[in-house]
file protein.cif (mmCIF, C-alpha atoms (C1' of nucleotides))
data_model
loop_
_atom_site.label_atom_id
_atom_site.label_comp_id
_atom_site.auth_asym_id
_atom_site.auth_seq_id
_atom_site.Cartn_x
_atom_site.Cartn_y
_atom_site.Cartn_z
CA MET A 7 -49.85 78.45 58.62
CA ASN A 8 -52.26 79.63 61.35
CA ASP A 9 -49.95 78.88 64.24
CA ALA A 10 -47.61 81.68 63.28
CA ARG A 11 -46.12 84.21 65.67
CA ILE A 12 -45.81 87.78 64.42
CA LEU A 13 -43.73 90.68 65.70
CA ILE A 14 -45.12 94.17 65.15
CA ILE A 15 -42.68 97.06 65.43
CA ASP A 16 -44.03 100.59 65.51
CA ASP A 17 -43.64 103.49 67.91
CA ASP A 18 -47.35 104.28 67.78
CA THR A 19 -49.40 102.14 70.15
CA ASP A 20 -52.59 102.65 68.15
CA VAL A 21 -50.93 101.46 64.97
CA ARG A 22 -49.61 98.36 66.71
CA GLN A 23 -53.02 97.52 68.11
CA ALA A 24 -54.76 98.10 64.81
CA ALA A 25 -52.34 95.80 63.04
CA ALA A 26 -52.57 93.16 65.74
CA LEU A 27 -56.36 93.30 65.54
CA ALA A 28 -56.31 92.84 61.79
CA LEU A 29 -53.92 89.93 62.00
CA ALA A 30 -55.37 88.21 65.04
CA PRO A 31 -57.84 85.97 63.18
CA HIS A 32 -55.09 84.66 60.93
CA VAL A 33 -52.20 83.96 63.27
CA GLU A 34 -51.54 82.37 66.60
CA GLY A 35 -50.26 85.51 68.30
CA CYS A 36 -48.68 88.92 67.91
CA ASP A 37 -45.94 90.48 70.00
CA GLU A 38 -45.35 94.20 69.92
CA ALA A 39 -42.24 96.31 70.10
CA ALA A 40 -42.17 100.09 70.33
CA SER A 41 -38.61 100.48 69.09
CA PRO A 42 -36.03 98.65 66.99
CA LEU A 43 -34.02 98.12 70.14
CA GLU A 44 -36.84 96.32 71.87
CA ALA A 45 -37.47 94.37 68.68
CA ALA A 46 -33.88 93.19 68.58
CA ARG A 47 -34.22 91.88 72.12
CA LEU A 48 -37.46 90.05 71.36
CA VAL A 49 -36.09 88.49 68.21
CA ARG A 50 -33.21 87.07 70.15
CA GLU A 51 -35.55 85.61 72.76
CA ARG A 52 -38.21 84.04 70.64
CA ARG A 53 -38.51 82.71 67.12
CA TYR A 54 -40.97 84.63 64.94
CA ASP A 55 -42.50 83.65 61.64
CA ALA A 56 -42.86 87.15 60.23
CA VAL A 57 -42.27 90.77 61.20
CA LEU A 58 -44.21 93.92 60.47
CA LEU A 59 -41.77 96.83 60.66
CA ASP A 60 -42.54 100.52 60.56
CA MET A 61 -39.93 102.53 58.70
CA ASN A 62 -40.45 105.92 60.33
CA PHE A 63 -39.26 106.33 63.86
CA LEU A 64 -38.17 109.70 65.23
CA ALA A 65 -41.02 111.86 63.99
CA GLY A 66 -38.76 114.31 62.20
CA ALA A 67 -36.85 111.75 60.23
CA ARG A 68 -38.79 110.80 57.14
CA ASP A 69 -36.00 109.19 55.20
CA GLY A 70 -36.51 105.82 56.81
CA GLU A 71 -32.89 105.47 57.80
CA ALA A 72 -33.84 104.07 61.18
CA GLY A 73 -36.15 101.58 59.50
CA LEU A 74 -33.47 100.38 57.11
CA ALA A 75 -31.08 99.92 60.00
CA ALA A 76 -33.72 97.96 61.90
CA LEU A 77 -34.34 95.81 58.84
CA ALA A 78 -30.64 95.06 58.57
CA ASP A 79 -30.49 94.17 62.26
CA LEU A 80 -33.47 91.85 61.98
CA ARG A 81 -32.02 90.06 59.01
CA ALA A 82 -28.68 89.76 60.75
CA ALA A 83 -30.33 88.21 63.79
CA ASP A 84 -32.44 85.78 61.74
CA PRO A 85 -31.66 85.68 58.02
CA ALA A 86 -34.67 83.51 57.26
CA LEU A 87 -37.16 85.88 58.85
CA GLY A 88 -39.59 87.52 56.43
CA VAL A 89 -40.11 91.25 57.04
CA VAL A 90 -42.99 93.37 55.78
CA LEU A 91 -42.25 97.08 55.78
CA LEU A 92 -44.77 99.77 56.61
CA THR A 93 -44.46 103.51 56.08
CA ALA A 94 -46.43 106.72 55.85
CA TYR A 95 -43.86 108.92 54.14
CA GLY A 96 -41.79 106.59 52.05
CA GLY A 97 -40.92 107.44 48.49
CA VAL A 98 -39.97 105.11 45.70
CA SER A 99 -36.29 105.17 46.52
CA LEU A 100 -36.85 104.08 50.10
CA ALA A 101 -39.15 101.30 48.98
CA VAL A 102 -36.64 100.05 46.43
CA GLN A 103 -33.82 100.16 48.92
CA ALA A 104 -35.85 98.23 51.46
CA MET A 105 -36.79 95.58 48.91
CA LYS A 106 -33.17 95.25 47.82
CA GLN A 107 -32.26 94.69 51.44
CA GLY A 108 -34.54 91.71 51.58
CA GLY A 109 -37.92 93.11 52.56
CA GLU A 110 -40.75 90.85 51.51
CA ASP A 111 -43.22 93.65 50.87
CA PHE A 112 -43.66 97.36 51.39
CA LEU A 113 -47.03 98.77 52.41
CA LEU A 114 -48.24 102.34 52.79
CA LYS A 115 -50.19 103.76 55.72
CA PRO A 116 -53.05 103.77 55.86
CA TRP A 117 -53.19 100.18 54.82
CA ARG A 118 -56.04 97.99 53.69
CA ASN A 119 -56.39 95.09 56.08
CA ALA A 120 -56.74 92.51 53.33
CA GLN A 121 -53.49 93.72 51.85
CA LEU A 122 -51.73 93.57 55.18
CA VAL A 123 -52.95 90.07 55.86
CA ALA A 124 -51.91 88.90 52.41
CA ALA A 125 -48.45 90.39 52.78
CA ILE A 126 -47.94 88.78 56.17
CA ARG A 127 -49.14 85.43 54.88
CA GLU A 128 -46.60 85.65 52.10
CA ALA A 129 -43.86 86.58 54.53
CA ILE A 130 -44.76 83.65 56.77
CA ALA A 131 -44.62 81.28 53.84
CA ARG A 132 -41.21 82.54 52.74
CA THR A 133 -39.85 82.37 56.26
CA SER A 134 -40.97 78.79 56.48
CA ASN A 135 -39.41 78.00 53.11
CA ARG A 136 -36.10 79.53 54.07
CA ARG A 137 -36.06 77.70 57.40
CA HIS A 138 -36.74 74.33 55.90
CA THR A 139 -33.52 72.46 55.16
CA PRO A 140 -34.11 70.29 52.13
CA THR A 141 -32.87 66.74 51.92
CA LEU A 142 -29.39 66.41 50.47
CA ALA A 143 -30.76 64.13 47.79
CA ALA A 144 -33.37 66.72 46.87
CA VAL A 145 -30.76 69.44 46.52
CA GLU A 146 -28.64 67.22 44.34
CA GLN A 147 -31.63 66.31 42.24
CA SER A 148 -32.68 69.89 41.61
CA THR A 149 -29.12 70.98 40.87
CA ILE A 150 -28.74 68.16 38.38
CA THR A 151 -32.07 68.89 36.73
CA GLU A 152 -31.18 72.56 36.40
CA ALA A 153 -27.78 71.80 34.91
CA LEU A 154 -29.33 69.35 32.49
CA GLN A 155 -31.91 71.73 31.13
CA ARG A 156 -29.33 74.51 30.99
CA HIS A 157 -27.35 72.33 28.60
CA GLY A 158 -30.34 71.22 26.59
CA GLY A 159 -30.32 67.66 27.83
CA ASN A 160 -26.71 67.06 26.87
CA ILE A 161 -25.48 64.67 29.54
CA SER A 162 -21.78 65.10 28.86
CA ARG A 163 -21.78 68.88 29.14
CA ALA A 164 -24.10 68.93 32.12
CA ALA A 165 -21.86 66.43 33.89
CA ALA A 166 -18.78 68.51 33.15
CA SER A 167 -20.42 71.68 34.48
CA LEU A 168 -21.42 69.81 37.64
CA GLY A 169 -17.87 68.63 38.14
CA LEU A 170 -18.52 64.93 37.70
CA THR A 171 -17.99 62.27 35.06
CA ARG A 172 -20.37 61.58 32.26
CA GLN A 173 -21.03 58.06 33.50
CA ALA A 174 -21.64 59.23 37.02
CA LEU A 175 -24.39 61.54 35.85
CA TYR A 176 -25.75 58.89 33.51
CA ARG A 177 -25.97 56.40 36.35
CA ARG A 178 -27.71 58.90 38.61
CA LEU A 179 -30.28 59.59 35.93
CA ALA A 180 -30.82 55.88 35.36
CA ARG A 181 -31.27 55.29 39.09
CA ASP A 182 -33.20 58.32 40.30
CA GLY A 183 -35.20 58.82 37.14
CA MET B 16 -17.61 92.39 33.55
CA ASN B 17 -16.83 94.81 30.72
CA ASP B 18 -17.74 92.46 27.91
CA ALA B 19 -21.40 92.60 28.80
CA ARG B 20 -24.21 93.06 26.32
CA ILE B 21 -27.13 95.24 27.42
CA LEU B 22 -30.65 95.55 26.06
CA ILE B 23 -32.36 98.93 26.41
CA ILE B 24 -36.13 99.00 26.07
CA ASP B 25 -37.88 102.34 25.78
CA ASP B 26 -40.27 103.85 23.27
CA ASP B 27 -38.42 107.18 23.29
CA THR B 28 -35.39 107.19 20.99
CA ASP B 29 -33.71 110.01 22.90
CA VAL B 30 -33.98 108.11 26.16
CA ARG B 31 -32.47 104.99 24.60
CA GLN B 32 -29.58 106.93 23.17
CA ALA B 33 -28.92 108.77 26.40
CA ALA B 34 -28.85 105.50 28.34
CA ALA B 35 -26.66 103.83 25.74
CA LEU B 36 -24.27 106.76 25.85
CA ALA B 37 -24.01 106.60 29.62
CA LEU B 38 -23.43 102.85 29.60
CA ALA B 39 -21.11 102.67 26.60
CA PRO B 40 -17.84 103.12 28.52
CA HIS B 41 -18.74 100.29 30.89
CA VAL B 42 -20.07 97.56 28.62
CA GLU B 43 -19.25 95.86 25.38
CA GLY B 44 -22.38 96.92 23.56
CA CYS B 45 -26.00 98.01 23.82
CA ASP B 46 -28.94 96.89 21.72
CA GLU B 47 -32.12 98.90 21.66
CA ALA B 48 -35.76 97.96 21.43
CA ALA B 49 -38.64 100.40 21.02
CA SER B 50 -41.31 98.06 22.33
CA PRO B 51 -41.70 95.01 24.56
CA LEU B 52 -42.57 93.00 21.47
CA GLU B 53 -39.30 93.84 19.78
CA ALA B 54 -37.48 93.18 23.03
CA ALA B 55 -38.99 89.72 23.25
CA ARG B 56 -37.71 88.95 19.77
CA LEU B 57 -34.19 90.20 20.54
CA VAL B 58 -34.01 88.28 23.80
CA ARG B 59 -34.83 85.09 21.97
CA GLU B 60 -32.13 85.77 19.39
CA ARG B 61 -29.22 86.81 21.52
CA ARG B 62 -28.10 86.32 25.09
CA TYR B 63 -27.96 89.53 27.14
CA ASP B 64 -26.27 90.17 30.45
CA ALA B 65 -28.70 92.81 31.68
CA VAL B 66 -31.78 94.72 30.57
CA LEU B 67 -32.88 98.29 31.13
CA LEU B 68 -36.66 98.38 30.87
CA ASP B 69 -38.93 101.41 30.75
CA MET B 70 -42.20 100.85 32.60
CA ASN B 71 -44.35 103.41 30.82
CA PHE B 72 -45.39 102.65 27.29
CA LEU B 73 -48.59 104.03 25.79
CA ALA B 74 -48.34 107.65 26.93
CA GLY B 75 -51.70 107.62 28.66
CA ALA B 76 -51.08 104.56 30.76
CA ARG B 77 -49.18 105.51 33.85
CA ASP B 78 -49.88 102.42 35.87
CA GLY B 79 -46.95 100.54 34.40
CA GLU B 80 -49.07 97.56 33.49
CA ALA B 81 -47.32 97.20 30.14
CA GLY B 82 -43.97 97.35 31.90
CA LEU B 83 -44.90 94.66 34.38
CA ALA B 84 -46.07 92.44 31.57
CA ALA B 85 -42.82 93.03 29.70
CA LEU B 86 -40.86 92.22 32.85
CA ALA B 87 -42.75 88.96 33.21
CA ASP B 88 -42.10 88.10 29.56
CA LEU B 89 -38.41 88.81 29.90
CA ARG B 90 -38.10 86.65 32.96
CA ALA B 91 -40.03 83.89 31.31
CA ALA B 92 -37.70 83.96 28.31
CA ASP B 93 -34.54 84.02 30.43
CA PRO B 94 -35.07 83.55 34.17
CA ALA B 95 -31.46 84.41 34.98
CA LEU B 96 -31.55 87.77 33.24
CA GLY B 97 -31.21 90.79 35.54
CA VAL B 98 -33.67 93.59 34.74
CA VAL B 99 -33.38 97.21 35.86
CA LEU B 100 -36.65 99.11 35.74
CA LEU B 101 -36.99 102.75 34.72
CA THR B 102 -40.01 105.00 35.08
CA ALA B 103 -41.12 108.59 35.13
CA TYR B 104 -44.47 108.22 36.82
CA GLY B 105 -44.14 105.23 39.05
CA GLY B 106 -45.42 105.25 42.58
CA VAL B 107 -44.36 103.13 45.49
CA SER B 108 -46.82 100.37 44.74
CA LEU B 109 -45.56 99.91 41.19
CA ALA B 110 -41.97 99.86 42.38
CA VAL B 111 -42.74 97.26 45.02
CA GLN B 112 -44.66 95.11 42.60
CA ALA B 113 -41.81 95.25 40.10
CA MET B 114 -39.25 94.31 42.73
CA LYS B 115 -41.43 91.42 43.90
CA GLN B 116 -41.56 90.21 40.33
CA GLY B 117 -37.81 89.95 40.26
CA GLY B 118 -36.61 93.39 39.18
CA GLU B 119 -33.05 94.05 40.28
CA ASP B 120 -33.53 97.79 40.76
CA PHE B 121 -36.00 100.55 40.07
CA LEU B 122 -34.81 103.97 38.90
CA LEU B 123 -36.69 107.21 38.35
CA LYS B 124 -36.41 109.48 35.34
CA PRO B 125 -34.50 111.64 35.11
CA TRP B 126 -31.73 109.40 36.34
CA ARG B 127 -28.24 110.14 37.49
CA ASN B 128 -25.78 108.39 35.23
CA ALA B 129 -23.68 107.08 38.08
CA GLN B 130 -26.77 105.49 39.57
CA LEU B 131 -27.76 103.93 36.28
CA VAL B 132 -24.30 102.51 35.72
CA ALA B 133 -24.17 101.10 39.24
CA ALA B 134 -27.58 99.47 38.87
CA ILE B 135 -26.64 97.88 35.57
CA ARG B 136 -23.36 96.63 36.98
CA GLU B 137 -25.27 94.99 39.80
CA ALA B 138 -27.73 93.45 37.39
CA ILE B 139 -24.89 92.09 35.26
CA ALA B 140 -23.27 90.54 38.30
CA ARG B 141 -26.49 88.87 39.40
CA THR B 142 -27.21 87.58 35.93
CA SER B 143 -23.79 86.03 35.86
CA ASN B 144 -24.28 84.50 39.29
CA ARG B 145 -27.61 82.99 38.34
CA ARG B 146 -26.21 81.62 35.08
CA HIS B 147 -23.30 79.91 36.76
CA THR B 148 -24.10 76.33 37.69
CA PRO B 149 -22.16 75.45 40.81
CA THR B 150 -20.36 72.17 41.14
CA LEU B 151 -22.46 69.40 42.64
CA ALA B 152 -19.87 68.94 45.37
CA ALA B 153 -20.07 72.65 46.20
CA VAL B 154 -23.84 72.51 46.51
CA GLU B 155 -23.63 69.50 48.77
CA GLN B 156 -20.98 71.16 50.88
CA SER B 157 -22.96 74.35 51.39
CA THR B 158 -26.14 72.45 52.13
CA ILE B 159 -24.35 70.35 54.70
CA THR B 160 -22.70 73.35 56.30
CA GLU B 161 -26.02 75.14 56.54
CA ALA B 162 -27.76 72.15 58.06
CA LEU B 163 -24.94 71.70 60.55
CA GLN B 164 -25.00 75.25 61.83
CA ARG B 165 -28.79 75.19 61.92
CA HIS B 166 -28.55 72.30 64.38
CA GLY B 167 -25.75 73.84 66.39
CA GLY B 168 -23.09 71.41 65.24
CA ASN B 169 -25.07 68.34 66.25
CA ILE B 170 -24.07 65.77 63.66
CA SER B 171 -26.87 63.30 64.34
CA ARG B 172 -29.66 65.84 63.99
CA ALA B 173 -28.11 67.52 60.98
CA ALA B 174 -27.72 64.16 59.29
CA ALA B 175 -31.35 63.28 59.98
CA SER B 176 -32.58 66.58 58.58
CA LEU B 177 -30.48 66.02 55.46
CA GLY B 178 -31.95 62.56 55.01
CA LEU B 179 -28.77 60.59 55.49
CA THR B 180 -27.18 58.45 58.16
CA ARG B 181 -25.15 59.84 61.00
CA GLN B 182 -22.02 58.01 59.90
CA ALA B 183 -22.42 59.14 56.33
CA LEU B 184 -22.34 62.75 57.45
CA TYR B 185 -19.56 62.04 59.89
CA ARG B 186 -17.43 60.51 57.15
CA ARG B 187 -18.06 63.41 54.80
CA LEU B 188 -16.97 65.83 57.46
CA ALA B 189 -13.86 63.79 58.15
CA ARG B 190 -13.00 63.70 54.48
CA ASP B 191 -13.98 67.13 53.17
CA GLY B 192 -13.16 69.05 56.33
"C1'" DC C 27 -18.24 58.11 0.12
"C1'" DG C 28 -15.28 57.43 4.05
"C1'" DA C 29 -13.32 59.17 8.00
"C1'" DA C 30 -13.32 61.87 12.01
"C1'" DC C 31 -16.03 63.59 15.79
"C1'" DG C 32 -19.12 63.90 19.54
"C1'" DG C 33 -22.39 61.80 22.21
"C1'" DC C 34 -24.82 57.73 24.27
"C1'" DG C 35 -25.26 53.17 26.41
"C1'" DT C 36 -22.77 49.40 28.72
"C1'" DC C 37 -19.26 46.32 30.96
"C1'" DC C 38 -15.75 45.30 34.52
"C1'" DG C 39 -12.13 45.47 38.18
"C1'" DG C 40 -10.88 48.26 41.90
"C1'" DA C 41 -11.71 51.94 45.11
"C1'" DT C 42 -15.05 53.99 47.98
"C1'" DT C 43 -18.95 54.23 50.70
"C1'" DC C 44 -22.66 52.21 53.41
"C1'" DG C 45 -24.94 50.22 57.43
"C1'" DT C 46 -24.43 47.46 61.48
"C1'" DA C 47 -22.19 46.91 65.67
"C1'" DC C 48 -19.58 48.23 69.65
"C1'" DA C 49 -16.76 51.29 72.81
"C1'" DG C 50 -15.89 55.81 74.97
"C1'" DT C 51 -17.61 60.31 76.72
"C1'" DT C 52 -20.70 63.73 78.43
"C1'" DG C 53 -24.85 65.40 80.81
"C1'" DC C 54 -28.87 64.61 83.69
"C1'" DG C 55 -32.05 63.04 87.18
"C1'" DC C 56 -32.69 60.10 91.10
"C1'" DG D 27 -22.58 57.15 92.61
"C1'" DC D 28 -25.53 54.94 89.26
"C1'" DG D 29 -28.36 54.13 85.54
"C1'" DC D 30 -29.80 56.17 81.46
"C1'" DA D 31 -29.95 58.63 77.28
"C1'" DA D 32 -27.73 60.96 73.56
"C1'" DC D 33 -23.86 61.78 71.00
"C1'" DT D 34 -19.31 60.92 69.04
"C1'" DG D 35 -15.61 58.00 67.28
"C1'" DT D 36 -14.10 53.54 65.11
"C1'" DA D 37 -14.01 48.70 62.77
"C1'" DC D 38 -15.48 45.51 59.24
"C1'" DG D 39 -17.94 42.86 55.65
"C1'" DA D 40 -21.15 43.95 52.10
"C1'" DA D 41 -23.01 46.89 48.80
"C1'" DT D 42 -22.26 50.60 45.83
"C1'" DC D 43 -19.96 53.73 42.96
"C1'" DC D 44 -16.10 55.21 40.08
"C1'" DG D 45 -13.54 55.74 35.86
"C1'" DG D 46 -11.39 53.68 31.86
"C1'" DA D 47 -12.52 51.13 27.78
"C1'" DC D 48 -15.40 49.50 24.05
"C1'" DG D 49 -19.12 49.42 20.46
"C1'" DC D 50 -22.84 51.91 18.27
"C1'" DC D 51 -25.12 55.69 16.06
"C1'" DG D 52 -25.95 60.33 13.79
"C1'" DT D 53 -23.58 64.42 12.02
"C1'" DT D 54 -20.05 66.91 9.72
"C1'" DC D 55 -16.36 67.69 6.79
"C1'" DG D 56 -12.83 66.73 3.50
#
call {"tool": "encode", "arguments": {"input": "protein.cif", "output": "structure tokens"}}
result
Amino acid sequence: MNDARILIIDDDTDVRQAAALALAPHVEGCDEAASPLEAARLVRERRYDAVLLDMNFLAGARDGEAGLAALADLRAADPALGVVLLTAYGGVSLAVQAMKQGGEDFLLKPWRNAQLVAAIREAIARTSNRRHTPTLAAVEQSTITEALQRHGGNISRAAASLGLTRQALYRRLARDG
Amino acid sequence: MNDARILIIDDDTDVRQAAALALAPHVEGCDEAASPLEAARLVRERRYDAVLLDMNFLAGARDGEAGLAALADLRAADPALGVVLLTAYGGVSLAVQAMKQGGEDFLLKPWRNAQLVAAIREAIARTSNRRHTPTLAAVEQSTITEALQRHGGNISRAAASLGLTRQALYRRLARDG
DNA sequence: CGAACGGCGTCCGGATTCGTACAGTTGCGC
DNA sequence: GCGCAACTGTACGAATCCGGACGCCGTTCG
């Protein structure tokens, strides 16, 4: 968890440094990008474990459109990457839109450092989860368990919904527990 | 999609009726609950395809605490159920918290009917997706595909990460395509 | 009550899959 | 070029899994 690499995207140098300072004790290193364009380049070069993304570039534009576009780009480049959004002007609708687009969290400037650290930790954890490919057996097991409890323990129906025979499921349960 | 049953939770009768009226042309029926407690009872009795939940009960309490609790209860009772939140006073932090707790969308009063309908449609679709148990073969296939492209098409490494032998994966690919 | 039904547990022959073993190919450094 | 390492493709006996069939039990319905 502590050997994580973070990417901080904000057009304000002071903001980037403040965030990097707050995060430094908890991560292995922070890279900084002053624009979504630069961020896109960095993301392609190196693998990050979480991103802190400012939503408000272009001082006049407060609607966060640039931030949403950057979020989409980041997720396109690395779908597993957890992104924490940061904004000074954002309203509820922007926050909701960002969360629906896959943002892990949405913080307001000025932020409380503890909150920022917690959000980034969460994002790191989710990135790691999404990157981890589970064993095929594990996936099968969880799918079977889910189907079973969805059908109230009825083996026949669960088997049918999983697309296999009753005996096949019975045997798997007998073997794997 | 049109035979969906919706649950509307709000302490204001007028609000419930207005929402029901807006949704009526697009769903099979709407039930109404005036309190989270009543909602909990209804959810246990009947299966719904989406919920519209007001965040602000107890006129004085604007922090949405009651709404968050109700959201948690709903998701505990039926984890697949899509919930659209509705609030008059909510700030960004409440919206973000609600989305992190699994809310599908977060609308502000007064709402635009088109927006409400779209949000509910989305929630219905996601509920349906989460309720549908995929075939075991389909799950295996997607897991394998994901592992393969994560390792750049390298069969040996993908097989290792999936916990099976190289030939096993090779044979599956030969058979299933 | 008796029969029909649905579900569970089990057996068996045949099909399928597994793991080991070996050959062919590609890329790399010396 | 040569050895080496990693990967892919293929063959074969052994182990496993599949699906149909059967008996048993609890429930439901005539």
call {"tool": "interface_residues", "arguments": {"input": "protein.cif", "of": "chain C", "to": "chain B", "cutoff": "12 Å", "atoms": "only C-alpha atoms (C1' of nucleotides)", "output": "count of residues only"}}
result
5
call {"tool": "resolve_selection", "arguments": {"input": "protein.cif", "expression": "the PyMOL selection byres ((chain D) within 9 of (chain A))", "output": "MDAnalysis selection string"}}
result
chainID D and resid 43:45
call {"tool": "write_last_selection", "arguments": {"input": "protein.cif", "atoms": "C-alpha atoms (C1' of nucleotides)", "output": "PDB file, in the coordinates of the input"}}
result
ATOM      1  C1'  DC D  43     -19.960  53.730  42.960  1.00  0.00           C
ATOM      2  C1'  DC D  44     -16.100  55.210  40.080  1.00  0.00           C
ATOM      3  C1'  DG D  45     -13.540  55.740  35.860  1.00  0.00           C
TER       4       DG D  45
END
call {"tool": "residues_around", "arguments": {"input": "protein.cif", "residues": "Val123 in chain A", "least_positions_apart": "4", "cutoff": "12 Å", "atoms": "only C-alpha atoms (C1' of nucleotides)", "output": "PyMOL selection string"}}
result
chain A and resi 8+12+25-33+56-58+90+111+113+117-119+127-130
call {"tool": "resolve_selection", "arguments": {"input": "protein.cif", "expression": "the PyMOL selection byres ((chain A) within 9 of (chain B))", "output": "ChimeraX atom specification"}}
result
/A:96-103,105-106,110-114,137,139-143,145-146,149-150,152-153,156,166-170
call {"tool": "atom_distance", "arguments": {"input": "protein.cif", "atom1": "CA of Asp64 in chain B", "atom2": "CA of Ser162 in chain A"}}
result
25.5 Å
call {"tool": "resolve_selection", "arguments": {"input": "protein.cif", "expression": "the PyMOL selection byres ((chain B and resi 48) around 9)", "output": "PDB file with C-alpha atoms, keeping the file's coordinate frame"}}
result
ATOM      1  CA  LEU B  22     -30.650  95.550  26.060  1.00  0.00           C
ATOM      2  CA  ILE B  23     -32.360  98.930  26.410  1.00  0.00           C
ATOM      3  CA  ILE B  24     -36.130  99.000  26.070  1.00  0.00           C
ATOM      4  CA  ASP B  25     -37.880 102.340  25.780  1.00  0.00           C
ATOM      5  CA  ASP B  26     -40.270 103.850  23.270  1.00  0.00           C
ATOM      6  CA  ARG B  31     -32.470 104.990  24.600  1.00  0.00           C
ATOM      7  CA  ASP B  46     -28.940  96.890  21.720  1.00  0.00           C
ATOM      8  CA  GLU B  47     -32.120  98.900  21.660  1.00  0.00           C
ATOM      9  CA  ALA B  49     -38.640 100.400  21.020  1.00  0.00           C
ATOM     10  CA  SER B  50     -41.310  98.060  22.330  1.00  0.00           C
ATOM     11  CA  PRO B  51     -41.700  95.010  24.560  1.00  0.00           C
ATOM     12  CA  LEU B  52     -42.570  93.000  21.470  1.00  0.00           C
ATOM     13  CA  GLU B  53     -39.300  93.840  19.780  1.00  0.00           C
ATOM     14  CA  ALA B  54     -37.480  93.180  23.030  1.00  0.00           C
ATOM     15  CA  LEU B  57     -34.190  90.200  20.540  1.00  0.00           C
TER      16      LEU B  57
END
call {"tool": "atom_distance", "arguments": {"input": "protein.cif", "atom1": "C1' of DA32 in chain D", "atom2": "C1' of DA47 in chain C"}}
result
17.0 Å
call {"tool": "residues_near_point", "arguments": {"input": "protein.cif", "point": "(-20.1, 50.4, 74.3)", "cutoff": "12 Å", "atoms": "all atoms listed in the file", "output": "ChimeraX atom specification"}}
result
/C:47-51 /D:34-36
call {"tool": "write_last_selection", "arguments": {"input": "protein.cif", "atoms": "C-alpha atoms (C1' of nucleotides)", "output": "PDB file, in the coordinates of the input"}}
result
ATOM      1  C1'  DA C  47     -22.190  46.910  65.670  1.00  0.00           C
ATOM      2  C1'  DC C  48     -19.580  48.230  69.650  1.00  0.00           C
ATOM      3  C1'  DA C  49     -16.760  51.290  72.810  1.00  0.00           C
ATOM      4  C1'  DG C  50     -15.890  55.810  74.970  1.00  0.00           C
ATOM      5  C1'  DT C  51     -17.610  60.310  76.720  1.00  0.00           C
TER       6       DT C  51
ATOM      7  C1'  DT D  34     -19.310  60.920  69.040  1.00  0.00           C
ATOM      8  C1'  DG D  35     -15.610  58.000  67.280  1.00  0.00           C
ATOM      9  C1'  DT D  36     -14.100  53.540  65.110  1.00  0.00           C
TER      10       DT D  36
END
